[in-house]
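**Q** I'd like to ask you about the structure that follows.
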Amino acid sequence: MLYKLKNEVPPEHYRLVYFDEAGFAASPPIQYGWGPRGQPHMVEPQNHCRRSVLGALDYSDNALFYNTKLGSVSRDDVINFLEQVVRQGGDRLTILVLDNAPIHRGIDDETRKRWFFEHNMCLLYLPVYSPDLNVIEMVWKNAKYHWRRFINWRKETLESELDKLLGAYGDRFAVNLSWLVIKKIMNFYSLFPRVFFVFSMSRFRVFFAPLQPINGSMKLSHR
């Protein structure tokens with residue numbers, strides 16, 4: 001369904017939004033390290049200063065909406081955040097893609113119906129155990145491992161550092177959404193001869209992979 005929507009429906013007729021949460025700590029994630037030969041590796045324990053982030057990636061405009069929260073995210077937090085996201089789409093049909101987390105499945109039927117009839121938004125739940133289909137996961141991965149500086153944030157500045165990082169989406173950082181589609185095609189065509197692969201990919205890039213406009217990011221206010 002998502003493939004047909006992206007390739008057969010004009011983007012001005014709909015809005016495809018990927019939603020999920022992520023956690024950011026004051027200390028950057030450690031991917032590798034070193035130590036003297038023959039001695040055990042020792043790492044000082046880090047503080048547990050963290051923020052939860054709710055994010056919605058507008059695939060059609062490559063725009064990021066987000067909000068931060070101290071502590072874990074609840075069902076009410078999800079509903080309040082999506083209440084603000086749904087108002088950013090104008091009159092276009094909004095298809096919200098999300099996984100099967102309990103706080104996502106906990107959105108009541110009355111709220112879903114109201115979103116559909118009042119704001120033209122419907123929810124599309126991904127198959128279980130398929131996080132790779134949620135494009136916003138690429139935003140979280142790059143934000144944690146590539147875009148943020150490899151320094152510890154202070155507890156007092158954690159909120160502002162997160163705003164600086166995520167607020168730069170579309171200006172300093174962005175995910176190439178067209179490349180995500182091309183990568184899936186490359187994985188399939190890798191089984192075929194290289195000549196056929198290059199020819200097919202050149203046609204794909206011309207006709208089906210236009211560059212996505214980048215409209216930046218927006219932090220939604222707390223409600």
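Each chain in the structure tokens gets a letter, A, B, ..., in the order shown, and its residues are numbered from 1; ligands are numbered from 1 in order too.
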If we count only C-alpha atoms and set the cut-off at 6 Å, which residues sit around segment 19-30 of chain A, ignoring sequence neighbours fewer than 3 positions away in its own chain? Please answer as a VMD selection string.

**A** chain A and resid 49 to 56 98 150 152 to 153

**Q** Output C-alpha atoms for every residue in the selection just made, as a compact mmCIF listing (two decimals), in the first residue's frame.

**A**
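The new file result.txt reads:
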# COMPACT_ATOMS: atom_id res chain seq x y z
CA CYS A 49 19.66 12.39 32.46
CA ARG A 50 17.38 11.72 29.49
CA ARG A 51 14.57 13.21 27.47
CA SER A 52 11.88 11.45 25.49
CA VAL A 53 11.12 12.84 22.04
CA LEU A 54 7.90 12.41 20.10
CA GLY A 55 8.47 12.91 16.39
CA ALA A 56 6.47 12.96 13.17
CA LEU A 98 3.07 4.00 13.26
CA PHE A 150 30.32 13.58 20.56
CA ASN A 152 28.30 15.16 27.08
CA TRP A 153 25.42 17.56 27.51

**Q** So which residues touch Ser60 of chain A within 6 Å, counting only C-alpha atoms, skipping near sequence neighbours fewer than 2 positions away, as a list in words?

**A**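 Final neighbour list, sorted by chain and number: Arg15, Leu16, Asp58 and Asn62 of chain A.
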
**Q** If DSSP is run on the backbone, what residues of segment 71-177 of chain A are alpha helix (DSSP H)? A reply as JSON, numbers by chain would be ideal.

**A** {"A": [75, 76, 77, 78, 79, 80, 81, 82, 83, 84, 85, 102, 103, 104, 105, 109, 110, 111, 112, 113, 114, 115, 116, 117, 118, 119, 136, 137, 138, 139, 140, 141, 142, 158, 159, 160, 161, 162, 163, 164, 165, 166, 167, 177]}

**Q** From the options A:Trp147, A:Phe81, A:Tyr14, A:Tyr129, which residue's atoms come nearest to Tyr66 of chain A, counting only C-alpha atoms?

**A**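 Checking each of A:Trp147, A:Phe81, A:Tyr14, A:Tyr129 against Tyr66 of chain A, counting only C-alpha atoms, the winner is A:Phe81.
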
**Q** Hey, can you check how far atom CA of Asp77 of chain A sits from atom CA of His104 of chain A?

**A**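 These atoms are spaced 10.4 Å apart.
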
**Q** Applying 10 Å and only C-alpha atoms, which residues near Val139 of chain A remain after dropping the ones on its own chain fewer than 6 positions away? List them as a VMD selection string.

**A** chain A and resid 22 55 57 64 147 166 169 173 to 175

**Q** Go ahead and dump the residues you just picked, C-alpha atoms, as an mmCIF file, in the first residue's frame.

**A**
data_model
loop_
_atom_site.group_PDB
_atom_site.id
_atom_site.type_symbol
_atom_site.label_atom_id
_atom_site.label_comp_id
_atom_site.auth_asym_id
_atom_site.auth_seq_id
_atom_site.Cartn_x
_atom_site.Cartn_y
_atom_site.Cartn_z
ATOM 1 C CA ALA A 22 12.931 8.083 20.795
ATOM 2 C CA GLY A 55 8.471 12.913 16.389
ATOM 3 C CA LEU A 57 8.273 12.951 9.818
ATOM 4 C CA LEU A 64 10.057 17.063 11.003
ATOM 5 C CA TRP A 147 24.484 14.599 13.660
ATOM 6 C CA LEU A 166 16.440 18.534 15.981
ATOM 7 C CA TYR A 169 16.635 19.270 10.426
ATOM 8 C CA PHE A 173 20.787 17.831 8.425
ATOM 9 C CA ALA A 174 18.211 15.797 6.525
ATOM 10 C CA VAL A 175 17.450 12.232 5.470
#

**Q** Tell me which protein, DNA and RNA residues are within 8 Å of segment 105-114 of chain A, counting only C-alpha atoms, leaving out same-chain ones fewer than 5 positions away, and put them as a ChimeraX atom specification.

**A** /A:75,79,100,119,122-123

**Q** Find the residues near Asn134 of chain A: any atom within 8 Å, counting only C-alpha atoms, skip ones fewer than 3 places away on the same chain, and give them as a list in words.

**A** Tyr18, Phe19, Val97, Leu98, Asp99, Leu126, Ser130, Pro131 and Glu137 of chain A

**Q** So which residues of segment 54-176 of chain A fall under strand (DSSP E) by DSSP, listed as a ChimeraX atom specification?

**A** /A:54-58,63-69,93-98,121-125

**Q** Write out as a VMD selection string the residues lying within 12 Å of Asn80 of chain A, counting only C-alpha atoms and excluding same-chain residues fewer than 2 positions away.

**A** chain A and resid 54 67 73 to 78 82 to 87 107 111 220 to 223

**Q** Please dump the current selection as a PDB file, in the first residue's frame; keep N, CA and C atoms.

**A**
ATOM      1  N   LEU A  54       8.947  12.869  21.011  1.00  0.00           N
ATOM      2  CA  LEU A  54       7.905  12.411  20.097  1.00  0.00           C
ATOM      3  C   LEU A  54       8.149  13.101  18.765  1.00  0.00           C
ATOM      4  N   ASN A  67       8.456  17.069  19.710  1.00  0.00           N
ATOM      5  CA  ASN A  67       8.279  17.652  21.031  1.00  0.00           C
ATOM      6  C   ASN A  67       9.064  16.808  22.020  1.00  0.00           C
ATOM      7  N   VAL A  73       6.877   8.241  27.840  1.00  0.00           N
ATOM      8  CA  VAL A  73       5.755   8.739  27.044  1.00  0.00           C
ATOM      9  C   VAL A  73       4.528   7.882  27.318  1.00  0.00           C
ATOM     10  N   SER A  74       3.405   8.517  27.540  1.00  0.00           N
ATOM     11  CA  SER A  74       2.152   7.815  27.806  1.00  0.00           C
ATOM     12  C   SER A  74       1.218   7.909  26.601  1.00  0.00           C
ATOM     13  N   ARG A  75       0.115   7.199  26.681  1.00  0.00           N
ATOM     14  CA  ARG A  75      -0.883   7.247  25.615  1.00  0.00           C
ATOM     15  C   ARG A  75      -1.435   8.660  25.450  1.00  0.00           C
ATOM     16  N   ASP A  76      -1.672   9.352  26.555  1.00  0.00           N
ATOM     17  CA  ASP A  76      -2.188  10.717  26.481  1.00  0.00           C
ATOM     18  C   ASP A  76      -1.182  11.653  25.817  1.00  0.00           C
ATOM     19  N   ASP A  77       0.116  11.432  26.080  1.00  0.00           N
ATOM     20  CA  ASP A  77       1.142  12.242  25.420  1.00  0.00           C
ATOM     21  C   ASP A  77       1.088  12.051  23.907  1.00  0.00           C
ATOM     22  N   VAL A  78       0.916  10.804  23.477  1.00  0.00           N
ATOM     23  CA  VAL A  78       0.835  10.509  22.047  1.00  0.00           C
ATOM     24  C   VAL A  78      -0.369  11.207  21.425  1.00  0.00           C
ATOM     25  N   LEU A  82      -0.249  14.156  18.565  1.00  0.00           N
ATOM     26  CA  LEU A  82      -0.860  13.951  17.251  1.00  0.00           C
ATOM     27  C   LEU A  82      -2.005  14.924  17.006  1.00  0.00           C
ATOM     28  N   GLU A  83      -2.639  15.412  18.067  1.00  0.00           N
ATOM     29  CA  GLU A  83      -3.662  16.445  17.910  1.00  0.00           C
ATOM     30  C   GLU A  83      -3.065  17.692  17.259  1.00  0.00           C
ATOM     31  N   GLN A  84      -1.813  17.973  17.556  1.00  0.00           N
ATOM     32  CA  GLN A  84      -1.144  19.128  16.966  1.00  0.00           C
ATOM     33  C   GLN A  84      -0.627  18.820  15.564  1.00  0.00           C
ATOM     34  N   VAL A  85      -0.145  17.594  15.365  1.00  0.00           N
ATOM     35  CA  VAL A  85       0.357  17.216  14.044  1.00  0.00           C
ATOM     36  C   VAL A  85      -0.754  17.252  13.009  1.00  0.00           C
ATOM     37  N   VAL A  86      -1.928  16.781  13.378  1.00  0.00           N
ATOM     38  CA  VAL A  86      -3.019  16.668  12.417  1.00  0.00           C
ATOM     39  C   VAL A  86      -3.456  18.039  11.910  1.00  0.00           C
ATOM     40  N   ARG A  87      -3.193  19.081  12.682  1.00  0.00           N
ATOM     41  CA  ARG A  87      -3.592  20.429  12.278  1.00  0.00           C
ATOM     42  C   ARG A  87      -2.596  21.079  11.321  1.00  0.00           C
ATOM     43  N   ILE A 107      -4.824   4.187  21.324  1.00  0.00           N
ATOM     44  CA  ILE A 107      -5.632   5.317  20.855  1.00  0.00           C
ATOM     45  C   ILE A 107      -7.058   4.820  20.631  1.00  0.00           C
ATOM     46  N   THR A 111     -11.413   8.715  19.164  1.00  0.00           N
ATOM     47  CA  THR A 111     -10.407   9.685  18.730  1.00  0.00           C
ATOM     48  C   THR A 111     -10.021   9.453  17.277  1.00  0.00           C
ATOM     49  N   LEU A 220       6.604  21.456  18.276  1.00  0.00           N
ATOM     50  CA  LEU A 220       5.221  21.727  18.635  1.00  0.00           C
ATOM     51  C   LEU A 220       5.134  22.072  20.114  1.00  0.00           C
ATOM     52  N   SER A 221       4.264  22.978  20.452  1.00  0.00           N
ATOM     53  CA  SER A 221       4.159  23.456  21.827  1.00  0.00           C
ATOM     54  C   SER A 221       3.507  22.409  22.716  1.00  0.00           C
ATOM     55  N   HIS A 222       3.820  22.471  24.008  1.00  0.00           N
ATOM     56  CA  HIS A 222       3.190  21.572  24.981  1.00  0.00           C
ATOM     57  C   HIS A 222       1.746  21.985  25.184  1.00  0.00           C
ATOM     58  N   ARG A 223       0.890  20.972  25.453  1.00  0.00           N
ATOM     59  CA  ARG A 223      -0.521  21.261  25.678  1.00  0.00           C
ATOM     60  C   ARG A 223      -0.918  20.792  27.061  1.00  0.00           C
TER      61      ARG A 223
END
